[in-house]
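Visitor: One structure, as structure tokens, below. Some questions next.
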Amino acid sequence: MATPIVTLRAAGTQLSCPNSENCLLDVLELHDVQVEYQCRSGYCGACRLKLVKGEVAYRQQPLAFINAGEILPCCCMPLTDIELEM
């Protein structure tokens, strides 16, 4: 399976998403992308991002409420190439 690509819509930046990382938040930090967060377990929701396209899988079900089209990068990883509104 190919390594998913994460596209940051505002900048057009494309980041590789190695499977060795624990979650999408780790991947963003690996590439020096600043994301607000207060946990790494899907509880608070501070890291929520708008998913423009693509699909993610949660390693654990988030405890924070998320709207349709939103993801919590602290507890998910891309299944496909994704695009984020940021």
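Identifiers in the structure tokens: chain A, B, ... in order shown; residue index from 1 per chain; ligand index from 1 in order shown.
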What's around Leu49 in chain A at 7 Å? Count only C-alpha atoms, leave out sequence neighbours fewer than 4 positions away in its own chain, and write the answer as a tab-separated table (two decimals) with C-alpha atoms, in the first residue's frame.
Guide:
chain	number	residue	atom	x	y	z
A	70	GLU	CA	-14.37	17.09	10.79
A	71	ILE	CA	-11.62	14.85	12.12
A	72	LEU	CA	-9.53	14.67	15.28
A	84	LEU	CA	-7.25	19.29	5.12
A	85	GLU	CA	-8.64	22.81	5.40
Visitor: Which residues come within 8 Å of Gln61 in chain A, counting only C-alpha atoms, excluding same-chain residues fewer than 3 positions away, as a ChimeraX atom specification?
Guide: /A:42,58,75
Visitor: Write out as a count of residues only each polymer residue whose atoms come within 8 Å of Ala64 in chain A, counting only C-alpha atoms; drop sequence neighbours fewer than 6 positions from it.
Guide: 4
Visitor: I'd like the neighbourhood of range 16-23 of chain A as a PyMOL selection string, where a residue qualifies if any of its atoms comes within 8 Å (using only C-alpha atoms), though same-chain residues fewer than 2 positions away should be ignored.
Guide: chain A and resi 3-6+14+25-27+73-78
Visitor: Which of range 16-79 of chain A counts as helix (DSSP H, G or I) under DSSP, as a list in words please?
Guide: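 The helix (DSSP H, G or I) subset of range 16-79 of chain A is Leu24, Leu25, Asp26, Val27, Leu28, Glu29, Leu30, Pro73, Cys74 and Cys75 of chain A.
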Visitor: What is the distance between CA of Ala68 in chain A and CA of Leu51 in chain A, in Å to one decimal?
Guide: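 Taking CA of Ala68 in chain A as the start and CA of Leu51 in chain A as the end point, the length is 9.0 Å.
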Visitor: One decimal, Å: what's the distance from CA of Glu55 in chain A over to CA of Gln38 in chain A, could you say?
Guide: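 Pair CA of Glu55 in chain A / CA of Gln38 in chain A returns 23.6 Å.
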Visitor: For His31 in chain A, which residue among A:Thr7, A:Thr80, A:Asn67, A:Gln60 is the nearest when counting only C-alpha atoms?
Guide: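 Looking only at the distances to His31 in chain A, the closest residue turns out to be A:Thr7.
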Visitor: For the structure I just gave you, how does DSSP split chain A - specifically, which residues are strand (DSSP E)? Reply as a ChimeraX atom specification.
Guide: /A:5-8,13-16,49-53,56-58,70-71,76-78,82-85
